[in-house]
Amino acid sequence: MEYRYAAIPAVAGGLMLTLLLWWAGAGADALQLDGATGVLGIETDAALRSWLYPWAYDPYAGALADGSAVSTSGGSHYLGLHHTAMQIRFVAVFVFYAAGALLLVRRIPAERGRVRPALLALWAWGLVAGTLAVTVSSPWLIAAGGRGSYRFLPHLAGLSSSGRTVLVPLALAAAVWTVFVTRLALKHAEPQPRGDVPARVALVAATVGTAVVAVSVVVLSYQENAARIQTAFTGEGFLSEPGDLLRQWLVLSAWSGPAGGPIGDWLLVRLGDVLLLTVVWCALRWLPGVLTRVSVPAMAAGAVCAVVLGLLARHLVRVAVVDGSWNYRGVLQAASGLGDGTSAAVLWGTLAGVAAAVTLRMSGRGMAAPGSGGPGSLVPGLAGGPGSGGLPGPASTGNLPSAADGPVPDGPAGARDGGQPRPGGRSQSGGQPRPGEQPPPR
């Protein structure tokens with residue numbers, strides 16, 4: 001899909017997500033009305049504040065959420081920093097979403113047979129764009145609180161993990177809008193090609209990418225290893241106490257041994273992690289066949305989206321199977337956990353996608369035997385000619401004659417006739433002799 005077609009839905013989706021988040025933040029002012037707490041309840045009011053205030057342009061609302069604004073003699077200066085932070089946040093949401101959607105829409109166009117994967121990928125990418133926007137704008141909010149140099153990294157970790165719950169439904173709405181605009185842009189376009197990757201190569205690549213994600217889920221998420229990450233690095237001065245930020249970007253789960261409890265309950269809790277790795281493996285297995293061209297950026301973005309979707313699926317399974325609490329309080333707690341682990345998903349999804357792409361390249365070359373033109377000699381999209389980008393392989397030689405076909409005449413006649421001689425030297429054109437030949441006796 002050309003850039004001129006992909007840019008329109010990418011920009012439209014970015015604007016939609018930005019406007020929806022701005023609208024959600026503006027709605028936080030309603031929580032300041034008299035009697036709002038009495039009508040909604042204390043727990044509901046507190047949950048809505050934690051969901052909406054990270055996107056509120058009003059500095060007073062933000063102060064109630066995370067203490068980012070304080071009343072000082074230089075209050076106008078801190079107010080300006082807060083407004084700058086929110087402007088950066090909304091601009092960053094648009095830029096991150098539009099950039100990622102441009103890549104995804106080009107490689108996974110929302111045409112027939114690709115609407116579902118395109119919708120899921122754009123939904124997950126909306127959550128990634130919001131998380132990155134909150135992260136890059138958090139330093140200005142910390143400075144607006146008047147304590148920019150005090151425990152900067154712990155405050156950065158706390159602020160960058162906020163505002164994800166409201167991103168989940170709004171990112172879904174933006175993804176639906178992006179897919180709709182993409183369908184309109186592709187209304188008169190021809191169907192886009194699909195990658196033709198051998199099944200064995202795709203299986204190996206998906207396994208390698210999933211193993212990369214499993215390093216975080218299984219190894220780093222173990223309680224003792226996570227504690228070492230938390231305490232191993234102390235830092236000094238401005239970069240002191242980086243443990244919270246490191247865990248946020250390195251750890252995708254949290255687990256420990258049964259510790260004397262029922263093994264069945266322990267396995268039930270681990271079911272969510274198994275589901276996460278299963279979603280990642282299936283996505284990486286099908287991704288090369290969905291992409292119009294297999295490339296490292298496309299595989300990395302697709303893997304990030306796969307990890308985010310796996311985290312959402314794991315959270316829903318844990319709420320439904322493990323917690324099993326569907327009362328009002330349980331629903332609020334379940335909703336508050338949506339989007340957890342997105343920062344680590346960006347890191348490990350990128351590494352998994354790059355590893356899968358490199359595996360596709362190396363496995364494709366390994367299957368290409370010298371002089372063979374079999375299906376394993378190409379892995380489209382990683383290098384080579386236009387459109388396909390396949391790995392360079394031997395050209396197809398067509399149907400070559402074998403020794404059992406008899407002698408092959410020289411010249412163009414043999415090539416034109418597929419290597420089969422014709423009785424009497426006649427050609428296909430009505431029995432007329434070829435140039436330089438004597439007509440057969442009658």
# chains A, B, ... in the order shown; residues from 1 in each chain; ligands from 1
$ residues_around --residues "segment 277-290 of chain A" --least-positions-apart "3" --cutoff "7 Å" --atoms "only C-alpha atoms" --output "ChimeraX atom specification"
/A:108,194-197,202-203,206-207,210,273-274,294,303,306-307,310
$ write_last_selection --atoms "N, CA and C atoms" --output "PDB file, in the first residue's frame"
ATOM      1  N   ILE A 108      -0.347  -4.091   6.856  1.00  0.00           N
ATOM      2  CA  ILE A 108      -1.549  -4.904   7.099  1.00  0.00           C
ATOM      3  C   ILE A 108      -2.754  -4.069   6.667  1.00  0.00           C
ATOM      4  N   ARG A 194       0.440 -10.956  -0.468  1.00  0.00           N
ATOM      5  CA  ARG A 194       0.712 -11.555   0.842  1.00  0.00           C
ATOM      6  C   ARG A 194       2.073 -12.225   0.813  1.00  0.00           C
ATOM      7  N   GLY A 195       2.691 -12.252   1.984  1.00  0.00           N
ATOM      8  CA  GLY A 195       3.970 -12.933   2.090  1.00  0.00           C
ATOM      9  C   GLY A 195       3.811 -14.442   1.952  1.00  0.00           C
ATOM     10  N   ASP A 196       4.723 -15.060   1.211  1.00  0.00           N
ATOM     11  CA  ASP A 196       4.690 -16.506   0.996  1.00  0.00           C
ATOM     12  C   ASP A 196       5.889 -17.122   1.712  1.00  0.00           C
ATOM     13  N   VAL A 197       5.762 -17.275   3.016  1.00  0.00           N
ATOM     14  CA  VAL A 197       6.845 -17.801   3.836  1.00  0.00           C
ATOM     15  C   VAL A 197       6.593 -19.285   4.089  1.00  0.00           C
ATOM     16  N   ALA A 202       8.366 -20.146   9.240  1.00  0.00           N
ATOM     17  CA  ALA A 202       7.508 -19.344  10.120  1.00  0.00           C
ATOM     18  C   ALA A 202       7.417 -19.937  11.518  1.00  0.00           C
ATOM     19  N   LEU A 203       7.381 -21.254  11.623  1.00  0.00           N
ATOM     20  CA  LEU A 203       7.332 -21.897  12.938  1.00  0.00           C
ATOM     21  C   LEU A 203       8.613 -21.619  13.728  1.00  0.00           C
ATOM     22  N   ALA A 206       8.598 -17.917  14.849  1.00  0.00           N
ATOM     23  CA  ALA A 206       7.666 -17.681  15.950  1.00  0.00           C
ATOM     24  C   ALA A 206       8.195 -18.246  17.260  1.00  0.00           C
ATOM     25  N   THR A 207       8.840 -19.391  17.205  1.00  0.00           N
ATOM     26  CA  THR A 207       9.399 -19.990  18.414  1.00  0.00           C
ATOM     27  C   THR A 207      10.536 -19.146  18.982  1.00  0.00           C
ATOM     28  N   THR A 210       9.014 -15.972  20.548  1.00  0.00           N
ATOM     29  CA  THR A 210       8.352 -16.278  21.816  1.00  0.00           C
ATOM     30  C   THR A 210       9.358 -16.575  22.913  1.00  0.00           C
ATOM     31  N   ASP A 273       0.007 -16.609  32.268  1.00  0.00           N
ATOM     32  CA  ASP A 273       1.298 -16.474  31.591  1.00  0.00           C
ATOM     33  C   ASP A 273       1.395 -17.408  30.390  1.00  0.00           C
ATOM     34  N   VAL A 274       0.838 -18.608  30.534  1.00  0.00           N
ATOM     35  CA  VAL A 274       0.829 -19.531  29.388  1.00  0.00           C
ATOM     36  C   VAL A 274       0.010 -18.947  28.245  1.00  0.00           C
ATOM     37  N   VAL A 294       7.443  -8.600   4.417  1.00  0.00           N
ATOM     38  CA  VAL A 294       8.059  -8.907   5.702  1.00  0.00           C
ATOM     39  C   VAL A 294       9.312  -8.059   5.852  1.00  0.00           C
ATOM     40  N   ALA A 303       5.047  -7.570  16.650  1.00  0.00           N
ATOM     41  CA  ALA A 303       5.351  -8.301  17.886  1.00  0.00           C
ATOM     42  C   ALA A 303       4.981  -7.482  19.119  1.00  0.00           C
ATOM     43  N   ALA A 306       1.377  -7.815  19.520  1.00  0.00           N
ATOM     44  CA  ALA A 306       1.030  -9.159  19.994  1.00  0.00           C
ATOM     45  C   ALA A 306       1.234  -9.289  21.496  1.00  0.00           C
ATOM     46  N   VAL A 307       2.328  -8.739  22.015  1.00  0.00           N
ATOM     47  CA  VAL A 307       2.563  -8.811  23.459  1.00  0.00           C
ATOM     48  C   VAL A 307       1.513  -8.008  24.219  1.00  0.00           C
ATOM     49  N   GLY A 310      -1.585 -10.014  24.277  1.00  0.00           N
ATOM     50  CA  GLY A 310      -1.419 -11.114  25.221  1.00  0.00           C
ATOM     51  C   GLY A 310      -1.566 -10.672  26.665  1.00  0.00           C
TER      52      GLY A 310
END
$ residues_around --residues "Ile88 of chain A" --least-positions-apart "3" --cutoff "12 Å" --atoms "only C-alpha atoms" --output "list in words"
Thr18, Trp55, Tyr57, Leu81, His82, His83, Thr84, Ala85, Val91, Ala92, Val93, Phe94, Val95, Phe96, Gly130, Leu132, Ala133, Val134, Thr135, Val136, Ser137, Ser138, Pro139, Trp140 and Leu141 of chain A
$ residues_around --residues "Leu156 of chain A" --least-positions-apart "5" --cutoff "12 Å" --atoms "only C-alpha atoms" --output "PyMOL selection string"
chain A and resi 66+68+134-143+147-151+161-162+238-246+248
$ write_last_selection --atoms "N, CA and C atoms" --output "PDB file, in the first residue's frame"
ATOM      1  N   ASP A  66      -1.806  13.186  41.235  1.00  0.00           N
ATOM      2  CA  ASP A  66      -0.431  12.757  41.477  1.00  0.00           C
ATOM      3  C   ASP A  66       0.436  13.817  42.119  1.00  0.00           C
ATOM      4  N   SER A  68       1.237  16.760  40.962  1.00  0.00           N
ATOM      5  CA  SER A  68       2.134  17.379  40.005  1.00  0.00           C
ATOM      6  C   SER A  68       2.079  18.891  40.021  1.00  0.00           C
ATOM      7  N   VAL A 134       2.610   9.387  27.633  1.00  0.00           N
ATOM      8  CA  VAL A 134       2.641   9.682  29.064  1.00  0.00           C
ATOM      9  C   VAL A 134       4.073   9.664  29.586  1.00  0.00           C
ATOM     10  N   THR A 135       4.877   8.739  29.087  1.00  0.00           N
ATOM     11  CA  THR A 135       6.261   8.621  29.561  1.00  0.00           C
ATOM     12  C   THR A 135       7.100   9.834  29.171  1.00  0.00           C
ATOM     13  N   VAL A 136       7.014  10.261  27.911  1.00  0.00           N
ATOM     14  CA  VAL A 136       7.878  11.353  27.459  1.00  0.00           C
ATOM     15  C   VAL A 136       7.447  12.704  28.030  1.00  0.00           C
ATOM     16  N   SER A 137       6.182  12.825  28.446  1.00  0.00           N
ATOM     17  CA  SER A 137       5.719  14.098  29.004  1.00  0.00           C
ATOM     18  C   SER A 137       5.815  14.157  30.520  1.00  0.00           C
ATOM     19  N   SER A 138       6.100  13.048  31.166  1.00  0.00           N
ATOM     20  CA  SER A 138       6.140  13.016  32.627  1.00  0.00           C
ATOM     21  C   SER A 138       7.220  13.912  33.234  1.00  0.00           C
ATOM     22  N   PRO A 139       8.408  14.071  32.636  1.00  0.00           N
ATOM     23  CA  PRO A 139       9.394  14.981  33.257  1.00  0.00           C
ATOM     24  C   PRO A 139       8.876  16.396  33.444  1.00  0.00           C
ATOM     25  N   TRP A 140       8.079  16.902  32.542  1.00  0.00           N
ATOM     26  CA  TRP A 140       7.535  18.248  32.712  1.00  0.00           C
ATOM     27  C   TRP A 140       6.513  18.300  33.854  1.00  0.00           C
ATOM     28  N   LEU A 141       5.760  17.229  34.026  1.00  0.00           N
ATOM     29  CA  LEU A 141       4.831  17.179  35.163  1.00  0.00           C
ATOM     30  C   LEU A 141       5.589  17.100  36.480  1.00  0.00           C
ATOM     31  N   ILE A 142       6.692  16.371  36.496  1.00  0.00           N
ATOM     32  CA  ILE A 142       7.496  16.299  37.720  1.00  0.00           C
ATOM     33  C   ILE A 142       8.064  17.673  38.052  1.00  0.00           C
ATOM     34  N   ALA A 143       8.546  18.376  37.031  1.00  0.00           N
ATOM     35  CA  ALA A 143       9.064  19.729  37.269  1.00  0.00           C
ATOM     36  C   ALA A 143       7.955  20.674  37.704  1.00  0.00           C
ATOM     37  N   ARG A 147       9.555  19.654  42.352  1.00  0.00           N
ATOM     38  CA  ARG A 147      10.549  18.753  42.940  1.00  0.00           C
ATOM     39  C   ARG A 147      11.222  17.945  41.836  1.00  0.00           C
ATOM     40  N   GLY A 148      11.668  18.620  40.798  1.00  0.00           N
ATOM     41  CA  GLY A 148      12.204  17.930  39.645  1.00  0.00           C
ATOM     42  C   GLY A 148      13.452  17.117  39.919  1.00  0.00           C
ATOM     43  N   SER A 149      14.252  17.489  40.905  1.00  0.00           N
ATOM     44  CA  SER A 149      15.497  16.773  41.162  1.00  0.00           C
ATOM     45  C   SER A 149      15.415  15.806  42.342  1.00  0.00           C
ATOM     46  N   TYR A 150      14.248  15.699  42.983  1.00  0.00           N
ATOM     47  CA  TYR A 150      14.123  14.827  44.150  1.00  0.00           C
ATOM     48  C   TYR A 150      13.471  13.525  43.725  1.00  0.00           C
ATOM     49  N   ARG A 151      14.216  12.404  43.825  1.00  0.00           N
ATOM     50  CA  ARG A 151      13.711  11.070  43.483  1.00  0.00           C
ATOM     51  C   ARG A 151      13.046  11.094  42.099  1.00  0.00           C
ATOM     52  N   SER A 161       3.206   5.141  34.477  1.00  0.00           N
ATOM     53  CA  SER A 161       2.309   3.980  34.532  1.00  0.00           C
ATOM     54  C   SER A 161       0.852   4.376  34.716  1.00  0.00           C
ATOM     55  N   SER A 162       0.530   5.651  34.661  1.00  0.00           N
ATOM     56  CA  SER A 162      -0.839   6.113  34.882  1.00  0.00           C
ATOM     57  C   SER A 162      -1.554   6.348  33.556  1.00  0.00           C
ATOM     58  N   PHE A 238      20.760  12.513  40.714  1.00  0.00           N
ATOM     59  CA  PHE A 238      19.561  12.651  39.883  1.00  0.00           C
ATOM     60  C   PHE A 238      19.040  11.311  39.396  1.00  0.00           C
ATOM     61  N   LEU A 239      19.896  10.322  39.210  1.00  0.00           N
ATOM     62  CA  LEU A 239      19.511   9.002  38.698  1.00  0.00           C
ATOM     63  C   LEU A 239      19.512   7.948  39.791  1.00  0.00           C
ATOM     64  N   SER A 240      19.224   8.326  41.013  1.00  0.00           N
ATOM     65  CA  SER A 240      19.170   7.367  42.112  1.00  0.00           C
ATOM     66  C   SER A 240      17.854   6.597  42.101  1.00  0.00           C
ATOM     67  N   GLU A 241      17.869   5.417  42.698  1.00  0.00           N
ATOM     68  CA  GLU A 241      16.706   4.541  42.845  1.00  0.00           C
ATOM     69  C   GLU A 241      16.024   4.243  41.509  1.00  0.00           C
ATOM     70  N   PRO A 242      16.731   3.608  40.579  1.00  0.00           N
ATOM     71  CA  PRO A 242      16.095   3.272  39.297  1.00  0.00           C
ATOM     72  C   PRO A 242      15.329   1.955  39.316  1.00  0.00           C
ATOM     73  N   GLY A 243      15.208   1.309  40.483  1.00  0.00           N
ATOM     74  CA  GLY A 243      14.615  -0.027  40.529  1.00  0.00           C
ATOM     75  C   GLY A 243      13.195  -0.083  39.999  1.00  0.00           C
ATOM     76  N   ASP A 244      12.336   0.870  40.398  1.00  0.00           N
ATOM     77  CA  ASP A 244      10.948   0.845  39.928  1.00  0.00           C
ATOM     78  C   ASP A 244      10.861   0.988  38.424  1.00  0.00           C
ATOM     79  N   LEU A 245      11.659   1.875  37.858  1.00  0.00           N
ATOM     80  CA  LEU A 245      11.624   2.088  36.412  1.00  0.00           C
ATOM     81  C   LEU A 245      12.165   0.876  35.662  1.00  0.00           C
ATOM     82  N   LEU A 246      13.200   0.238  36.204  1.00  0.00           N
ATOM     83  CA  LEU A 246      13.738  -0.955  35.562  1.00  0.00           C
ATOM     84  C   LEU A 246      12.725  -2.088  35.568  1.00  0.00           C
ATOM     85  N   GLN A 248       9.551  -1.793  35.629  1.00  0.00           N
ATOM     86  CA  GLN A 248       8.456  -1.432  34.733  1.00  0.00           C
ATOM     87  C   GLN A 248       8.774  -1.750  33.282  1.00  0.00           C
TER      88      GLN A 248
END
$ select_by_dssp --residues "segment 225-276 of chain A" --states "alpha helix (DSSP H)" --output "compact mmCIF listing (two decimals) with all heavy atoms, in the first residue's frame"
# COMPACT_ATOMS: atom_id res chain seq x y z
N ASN A 225 14.51 -12.91 41.15
CA ASN A 225 15.18 -12.15 40.10
C ASN A 225 14.63 -10.73 40.00
O ASN A 225 15.38 -9.77 39.79
CB ASN A 225 15.04 -12.86 38.76
CG ASN A 225 15.74 -14.21 38.76
OD1 ASN A 225 16.72 -14.42 39.47
ND2 ASN A 225 15.24 -15.14 37.96
N ALA A 226 13.32 -10.59 40.16
CA ALA A 226 12.73 -9.25 40.12
C ALA A 226 13.21 -8.41 41.29
O ALA A 226 13.42 -7.20 41.16
CB ALA A 226 11.20 -9.36 40.13
N ALA A 227 13.40 -9.06 42.44
CA ALA A 227 13.92 -8.32 43.59
C ALA A 227 15.36 -7.85 43.35
O ALA A 227 15.75 -6.76 43.77
CB ALA A 227 13.85 -9.18 44.84
N ARG A 228 16.14 -8.68 42.67
CA ARG A 228 17.51 -8.27 42.35
C ARG A 228 17.51 -7.07 41.40
O ARG A 228 18.32 -6.15 41.54
CB ARG A 228 18.27 -9.43 41.72
CG ARG A 228 18.56 -10.58 42.69
CD ARG A 228 19.53 -11.57 42.07
NE ARG A 228 19.75 -12.72 42.93
CZ ARG A 228 19.12 -13.88 42.78
NH1 ARG A 228 18.23 -14.02 41.79
NH2 ARG A 228 19.35 -14.89 43.59
N ILE A 229 16.61 -7.07 40.43
CA ILE A 229 16.50 -5.92 39.53
C ILE A 229 16.12 -4.67 40.30
O ILE A 229 16.62 -3.57 40.03
CB ILE A 229 15.47 -6.22 38.42
CG1 ILE A 229 15.97 -7.38 37.54
CG2 ILE A 229 15.20 -4.99 37.58
CD1 ILE A 229 14.96 -7.83 36.50
N GLN A 230 15.25 -4.85 41.29
CA GLN A 230 14.78 -3.71 42.07
C GLN A 230 15.90 -3.10 42.91
O GLN A 230 15.95 -1.88 43.09
CB GLN A 230 13.64 -4.17 42.99
CG GLN A 230 13.06 -3.10 43.88
CD GLN A 230 12.08 -2.21 43.14
OE1 GLN A 230 11.43 -2.65 42.21
NE2 GLN A 230 11.96 -0.96 43.57
N THR A 231 16.79 -3.93 43.43
CA THR A 231 17.77 -3.44 44.41
C THR A 231 19.20 -3.44 43.91
O THR A 231 20.08 -2.90 44.60
CB THR A 231 17.70 -4.29 45.68
OG1 THR A 231 17.95 -5.68 45.34
CG2 THR A 231 16.31 -4.20 46.32
N ALA A 232 19.48 -4.05 42.76
CA ALA A 232 20.87 -4.19 42.33
C ALA A 232 21.47 -2.85 41.95
O ALA A 232 22.67 -2.62 42.14
CB ALA A 232 20.97 -5.17 41.15
N GLY A 243 15.21 1.31 40.48
CA GLY A 243 14.62 -0.03 40.53
C GLY A 243 13.19 -0.08 40.00
O GLY A 243 12.84 -0.99 39.22
N ASP A 244 12.34 0.87 40.40
CA ASP A 244 10.95 0.85 39.93
C ASP A 244 10.86 0.99 38.42
O ASP A 244 10.08 0.30 37.75
CB ASP A 244 10.16 1.97 40.60
CG ASP A 244 9.98 1.74 42.10
OD1 ASP A 244 10.06 0.57 42.52
OD2 ASP A 244 9.78 2.72 42.83
N LEU A 245 11.66 1.87 37.86
CA LEU A 245 11.62 2.09 36.41
C LEU A 245 12.16 0.88 35.66
O LEU A 245 11.63 0.50 34.60
CB LEU A 245 12.44 3.33 36.07
CG LEU A 245 12.28 3.89 34.65
CD1 LEU A 245 10.85 4.34 34.41
CD2 LEU A 245 13.25 5.04 34.41
N LEU A 246 13.20 0.24 36.20
CA LEU A 246 13.74 -0.96 35.56
C LEU A 246 12.72 -2.09 35.57
O LEU A 246 12.56 -2.80 34.56
CB LEU A 246 15.03 -1.39 36.26
CG LEU A 246 16.26 -0.50 36.05
CD1 LEU A 246 17.42 -0.98 36.89
CD2 LEU A 246 16.64 -0.46 34.57
N ARG A 247 12.06 -2.29 36.68
CA ARG A 247 11.04 -3.35 36.73
C ARG A 247 9.90 -3.05 35.77
O ARG A 247 9.34 -3.96 35.15
CB ARG A 247 10.51 -3.49 38.15
CG ARG A 247 11.48 -4.14 39.11
CD ARG A 247 10.81 -4.49 40.42
NE ARG A 247 9.74 -5.47 40.23
CZ ARG A 247 9.08 -6.05 41.24
NH1 ARG A 247 9.39 -5.75 42.49
NH2 ARG A 247 8.14 -6.91 41.00
N GLN A 248 9.55 -1.79 35.63
CA GLN A 248 8.46 -1.43 34.73
C GLN A 248 8.77 -1.75 33.28
O GLN A 248 7.89 -2.13 32.52
CB GLN A 248 8.14 0.06 34.90
CG GLN A 248 6.91 0.53 34.14
CD GLN A 248 6.67 2.00 34.38
OE1 GLN A 248 6.89 2.84 33.51
NE2 GLN A 248 6.23 2.33 35.59
N TRP A 249 10.04 -1.62 32.89
CA TRP A 249 10.42 -1.85 31.51
C TRP A 249 11.02 -3.22 31.24
O TRP A 249 11.23 -3.57 30.07
CB TRP A 249 11.43 -0.78 31.08
CG TRP A 249 10.78 0.54 30.80
CD1 TRP A 249 10.51 1.53 31.70
CD2 TRP A 249 10.31 1.01 29.55
NE1 TRP A 249 9.89 2.58 31.09
CE2 TRP A 249 9.76 2.30 29.76
CE3 TRP A 249 10.29 0.49 28.25
CZ2 TRP A 249 9.20 3.04 28.73
CZ3 TRP A 249 9.75 1.24 27.22
CH2 TRP A 249 9.21 2.50 27.47
N LEU A 250 11.30 -4.00 32.26
CA LEU A 250 11.93 -5.31 32.06
C LEU A 250 11.05 -6.49 32.43
O LEU A 250 11.25 -7.59 31.91
CB LEU A 250 13.23 -5.39 32.87
CG LEU A 250 14.38 -4.47 32.43
CD1 LEU A 250 15.56 -4.62 33.37
CD2 LEU A 250 14.80 -4.75 30.99
N ILE A 263 -1.19 -26.99 44.67
CA ILE A 263 -0.53 -26.89 43.38
C ILE A 263 -1.52 -26.53 42.29
O ILE A 263 -1.19 -25.86 41.30
CB ILE A 263 0.19 -28.21 43.05
CG1 ILE A 263 1.07 -28.05 41.80
CG2 ILE A 263 -0.83 -29.33 42.86
CD1 ILE A 263 2.22 -27.12 41.97
N GLY A 264 -2.79 -26.93 42.46
CA GLY A 264 -3.81 -26.60 41.47
C GLY A 264 -4.06 -25.11 41.38
O GLY A 264 -4.17 -24.56 40.28
N ASP A 265 -4.12 -24.45 42.52
CA ASP A 265 -4.32 -23.00 42.50
C ASP A 265 -3.11 -22.30 41.88
O ASP A 265 -3.26 -21.31 41.15
CB ASP A 265 -4.54 -22.48 43.92
CG ASP A 265 -5.84 -23.00 44.52
OD1 ASP A 265 -6.69 -23.49 43.73
OD2 ASP A 265 -6.00 -22.94 45.75
N TRP A 266 -1.93 -22.80 42.17
CA TRP A 266 -0.73 -22.18 41.60
C TRP A 266 -0.72 -22.33 40.08
O TRP A 266 -0.38 -21.39 39.36
CB TRP A 266 0.50 -22.83 42.21
CG TRP A 266 1.79 -22.24 41.76
CD1 TRP A 266 2.41 -21.12 42.25
CD2 TRP A 266 2.64 -22.74 40.71
NE1 TRP A 266 3.59 -20.89 41.57
CE2 TRP A 266 3.75 -21.87 40.62
CE3 TRP A 266 2.56 -23.82 39.84
CZ2 TRP A 266 4.78 -22.06 39.70
CZ3 TRP A 266 3.58 -24.01 38.93
CH2 TRP A 266 4.67 -23.15 38.87
N LEU A 267 -1.08 -23.51 39.59
CA LEU A 267 -1.13 -23.71 38.15
C LEU A 267 -2.22 -22.86 37.51
O LEU A 267 -2.06 -22.37 36.38
CB LEU A 267 -1.38 -25.19 37.83
CG LEU A 267 -0.24 -26.15 38.18
CD1 LEU A 267 -0.66 -27.60 37.92
CD2 LEU A 267 1.02 -25.81 37.37
N LEU A 268 -3.31 -22.65 38.23
CA LEU A 268 -4.39 -21.82 37.70
C LEU A 268 -3.92 -20.37 37.52
O LEU A 268 -4.26 -19.71 36.54
CB LEU A 268 -5.60 -21.88 38.63
CG LEU A 268 -6.94 -21.37 38.09
CD1 LEU A 268 -7.36 -22.19 36.88
CD2 LEU A 268 -8.00 -21.43 39.17
N VAL A 269 -3.12 -19.89 38.46
CA VAL A 269 -2.59 -18.54 38.33
C VAL A 269 -1.61 -18.45 37.17
O VAL A 269 -1.58 -17.45 36.44
CB VAL A 269 -1.92 -18.11 39.65
CG1 VAL A 269 -1.25 -16.76 39.51
CG2 VAL A 269 -2.95 -18.08 40.78
N ARG A 270 -0.82 -19.50 36.97
CA ARG A 270 0.16 -19.49 35.88
C ARG A 270 -0.49 -19.64 34.52
O ARG A 270 0.17 -19.47 33.49
CB ARG A 270 1.18 -20.62 36.08
CG ARG A 270 1.93 -20.56 37.40
CD ARG A 270 3.10 -19.58 37.35
NE ARG A 270 2.73 -18.20 37.22
CZ ARG A 270 2.29 -17.43 38.23
NH1 ARG A 270 2.15 -17.94 39.43
NH2 ARG A 270 1.99 -16.16 38.02
N LEU A 271 -1.77 -19.99 34.49
CA LEU A 271 -2.46 -20.13 33.22
C LEU A 271 -2.44 -18.83 32.41
O LEU A 271 -2.37 -18.85 31.18
CB LEU A 271 -3.91 -20.57 33.46
CG LEU A 271 -4.80 -20.75 32.23
CD1 LEU A 271 -4.26 -21.88 31.35
CD2 LEU A 271 -6.24 -21.05 32.64
N GLY A 272 -2.48 -17.70 33.09
CA GLY A 272 -2.42 -16.43 32.39
C GLY A 272 -1.11 -16.22 31.65
O GLY A 272 -1.10 -15.73 30.51
N ASP A 273 0.01 -16.61 32.27
CA ASP A 273 1.30 -16.47 31.59
C ASP A 273 1.39 -17.41 30.39
O ASP A 273 1.96 -17.05 29.35
CB ASP A 273 2.44 -16.76 32.57
CG ASP A 273 2.53 -15.71 33.66
OD1 ASP A 273 2.12 -14.56 33.41
OD2 ASP A 273 3.01 -16.04 34.77
N VAL A 274 0.84 -18.61 30.53
CA VAL A 274 0.83 -19.53 29.39
C VAL A 274 0.01 -18.95 28.24
O VAL A 274 0.39 -19.03 27.06
CB VAL A 274 0.27 -20.90 29.83
CG1 VAL A 274 0.13 -21.83 28.62
CG2 VAL A 274 1.18 -21.53 30.87
N LEU A 275 -1.11 -18.33 28.58
CA LEU A 275 -1.94 -17.70 27.55
C LEU A 275 -1.18 -16.56 26.88
O LEU A 275 -1.27 -16.37 25.65
CB LEU A 275 -3.24 -17.20 28.17
CG LEU A 275 -4.19 -16.47 27.21
CD1 LEU A 275 -4.65 -17.40 26.10
CD2 LEU A 275 -5.39 -15.92 27.98
N LEU A 276 -0.45 -15.77 27.64
CA LEU A 276 0.34 -14.67 27.06
C LEU A 276 1.33 -15.19 26.04
O LEU A 276 1.41 -14.68 24.90
CB LEU A 276 1.06 -13.93 28.19
CG LEU A 276 2.18 -12.96 27.78
CD1 LEU A 276 1.63 -11.84 26.91
CD2 LEU A 276 2.87 -12.40 29.02
$ atom_distance --atom1 "atom CA of Asp340 of chain A" --atom2 "atom CA of Ala157 of chain A"
12.6 Å
$ residues_around --residues "Ala357 of chain A" --least-positions-apart "5" --cutoff "12 Å" --atoms "only C-alpha atoms" --output "ChimeraX atom specification"
/A:197,201-202,204-209,284-285,287-288,293-303,350-352,362-364,379-383
$ closest_residue --among "A:Cys305, A:Ala6, A:Leu220, A:Val251" --to "Leu119 of chain A" --atoms "only C-alpha atoms"
A:Cys305
$ closest_residue --among "A:Ala28, A:Leu252, A:Leu291, A:Ala56" --to "Gly349 of chain A" --atoms "only C-alpha atoms"
A:Leu252
$ closest_residue --among "A:Pro54, A:Gly27, A:Gly100, A:Gly146" --to "Val11 of chain A" --atoms "only C-alpha atoms"
A:Gly100
$ residues_around --residues "segment 42-49 of chain A" --least-positions-apart "2" --cutoff "8 Å" --atoms "only C-alpha atoms" --output "PyMOL selection string"
chain A and resi 28+31+36-38+40+51-53+65+329+332+336
